[in-house]
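Student: Quick one: the structure is below, questions incoming.
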Amino acid sequence: MEYHHTSEMNGVVADYFSMCNESERNGLCREEKHSEDAADSNNLCHIEKAYSTILSELGEDVAREGLLRTPLRAAKAMQFLTKGYKETTQDILNDAIFDENHEEMVIVKDIDLFSLCEHHLVPFYGKAHIAYLPNKKVVGLSKLARIVEIYSRRLQVQERLTKQIASAISEALEPAGVAVVIEAAHMCMVMRGVQKMNASTVTSVMLGRFHDDPEVRKEFLALTMKK
Amino acid sequence: FCNLCNKNIIKTICLKKHSEDAADSNNLCHIEKAYSTILSELGEDVAREGLLRTPLRAAKAMQFLTKGYKETTQDILNDAIFDENHEEMVIVKDIDLFSLCEHHLVPFYGKAHIAYLPNKKVVGLSKLARIVEIYSRRLQVQERLTKQIASAISEALEPAGVAVVIEAAHMCMVMRGVQKMNASTVTSVMLGRFHDDPEVRKEFLALTMKK
């Protein structure tokens, strides 16, 4: 398994070397990306070993067929589920802000959301609803969903997640108002602990006119929340 | 525990429990350290307030989610099998089920529907749900889980037939990988008359599966 893993990495490194032959990308490729990949690979290896320990300490047979590659898969899964740490709003937003003479409410609702509870490392999932009141600047609609992705693919608490999404939109667009509502089920209280199957947690952040004007807030909630 | 140990009669059980507890505690400590490693290797700050006790909580959570390894059907069934002159289908459906995918260590969850045709012996209804708990609180693949539940009921009750259907969502394909939000996996095991007689099977499915 060790050998196979190394040869996979060698293949990836070889691909980067051929891109490095284009001189304008030489600087970026050689130093930064290669050392990032090496660090990632190192992290992955340590996480893999940790999962192997967990499996055997739980009493499982780590040599049985179904579990042979589980430490590696679980490590990669965990890295994917926390990839948001390496992403920033600036990366995804810079090109997709447009001048537009529109000041009415824009809502993107029912954005599927998956995150990890930072207390138990167990998933919570649900939907995010986002609205903003443009102030001469509108954003590509999918970017709102991408902002949700950046902050949700981390170890989170739902309250903080809601606030980070709202703040990111507010800083990027400087709109007249931002509203974010998240409704989610927390597996840490569904599949363990108090074990309530149907409990749902709702958090919201209202900024600008959504905060100051109850009518605006009411309109947003009427258009967004299912009865 | 120490007070109980003074009685000779249960001394042996106590000593075993102490050493079981000590082993459990040892395991927990190792799992906790492993989670601490995982958090720092993911780039998080393990000293920040929200994460301080996370390795311990995650370790305990994982032990709870795999507690089925320490439970057996015999433990829960022995007292609740009753002689009853009933041979018609008994169904317990929509049993909430939570398990861990053994490939990615990520939850899968859904519902189990169980039916059996008694052969002079009926079982306490909640025991069917408890059997689901025993086998689902382990690292699993859904196919094997379905089969283990069916086999356990079959061996315990020797009924004329057993049917188990599980319908579940796998977070490993919803929140990562192929990322299909609404995909659902259905597995079934049919034993005895549920296997041999299409009419019996049809009746079970009609009474159980939502349209």
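Quick note on naming: the chains in the structure tokens go A, B, ... in the order shown, residues restart at 1 in each chain, and ligands are numbered from 1 in order of appearance.
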From the DSSP assignment of the backbone, select every residue of range 100-165 of chain B that is strand (DSSP E or B), and format the answer as JSON, numbers by chain.

Tutor: {"B": [100, 101, 107, 108, 109, 110, 111, 112, 113, 114, 115, 116, 117, 121, 122, 123, 139, 140, 161, 162, 163, 164, 165]}

Student: When you look at Arg57 in chain B with a cut-off of 9 Å (counting only C-alpha atoms), what residues show up, excluding the ones that are within fewer than 4 positions of it in the same chain? I need them as a short mmCIF file (atom, residue, chain, number, x, y, z; two decimals) with C-alpha atoms, in the first residue's frame.

Tutor:
```cif
data_model
loop_
_atom_site.label_atom_id
_atom_site.label_comp_id
_atom_site.auth_asym_id
_atom_site.auth_seq_id
_atom_site.Cartn_x
_atom_site.Cartn_y
_atom_site.Cartn_z
CA HIS A 119 -17.34 19.07 18.65
CA HIS A 120 -17.89 15.48 17.53
CA LEU A 121 -16.48 15.39 13.97
CA GLU B 32 -8.45 10.35 21.51
CA ARG B 53 -12.26 18.54 24.13
CA ALA B 61 -18.85 9.22 19.72
CA MET B 62 -16.99 6.68 17.62
#
```

Student: So that each row is one residue of chain B with an atom at most 8 Å from chain A, can you give its shortest atom pair and the distance in Å to one decimal, using only C-alpha atoms, rows by chain and rising number, as a tab-separated table?

Tutor:
```
residue	atom	partner	partner_atom	distance
B:Asn27	CA	A:Glu57	CA	5.3
B:Leu28	CA	A:Glu57	CA	7.7
B:His30	CA	A:Glu57	CA	7.0
B:Ile31	CA	A:Ile54	CA	5.2
B:Ala34	CA	A:Ala50	CA	4.7
B:Tyr35	CA	A:Ala50	CA	7.0
B:Thr37	CA	A:Ala50	CA	6.7
B:Ile38	CA	A:Ile47	CA	5.2
B:Glu41	CA	A:Asn43	CA	5.2
B:Leu42	CA	A:Gln79	CA	6.7
B:Gly50	CA	A:His119	CA	6.9
B:Leu51	CA	A:His119	CA	6.5
B:Arg53	CA	A:His119	CA	7.5
B:Thr54	CA	A:His119	CA	5.0
B:Pro55	CA	A:His120	CA	7.9
B:Arg57	CA	A:His120	CA	5.5
B:Ala58	CA	A:His120	CA	4.5
B:Ala61	CA	A:His120	CA	6.7
B:Gln63	CA	A:Leu58	CA	6.7
B:Phe64	CA	A:Arg192	CA	7.2
B:Leu65	CA	A:Arg192	CA	7.2
B:Thr66	CA	A:Leu58	CA	7.4
B:Phe98	CA	A:Met191	CA	6.1
B:Glu102	CA	A:Leu67	CA	6.6
B:His103	CA	A:Thr70	CA	4.9
B:His104	CA	A:Ala74	CA	4.5
B:Leu105	CA	A:Ala74	CA	6.0
B:Val106	CA	A:Ala74	CA	8.0
B:Met175	CA	A:Phe114	CA	6.1
B:Arg176	CA	A:Ala77	CA	7.1
```

Student: In chain B, what's helix (DSSP H, G or I) per DSSP? Answer as a PyMOL selection string?

Tutor: chain B and resi 2-5+8-41+49-51+54-65+67-70+73-77+125-136+142-157+171-174+193-196+198-208

Student: For CA of Asp213 in chain A and CA of Val181 in chain A, quote the distance in Å rounded to one decimal.

Tutor: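 CA of Asp213 in chain A sits 16.7 Å away from CA of Val181 in chain A.
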
Student: Excluding Glu133 in chain B and residues on its chain fewer than 3 positions from it, collect all residues at most 12 Å away from it, counting only C-alpha atoms, and give them as a VMD selection string.

Tutor: (chain A and resid 191 to 192) or (chain B and resid 64 to 73 76 95 to 99 109 111 to 112 126 to 130 136 to 138 145 to 146 148 to 149)

Student: Find the residues around range 200-210 of chain B up to 8 Å (only C-alpha atoms counted), leave out those fewer than 5 positions away in its own chain, and share them as an NGL selection string.

Tutor: :B and (91 or 93 or 113 or 115 or 190 or 193-195)

Student: Provide the CA of Ile182 in chain A to CA of Leu144 in chain A distance in Å, to one decimal place.

Tutor: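 Taking CA of Ile182 in chain A as the start and CA of Leu144 in chain A as the end point, the length is 13.5 Å.
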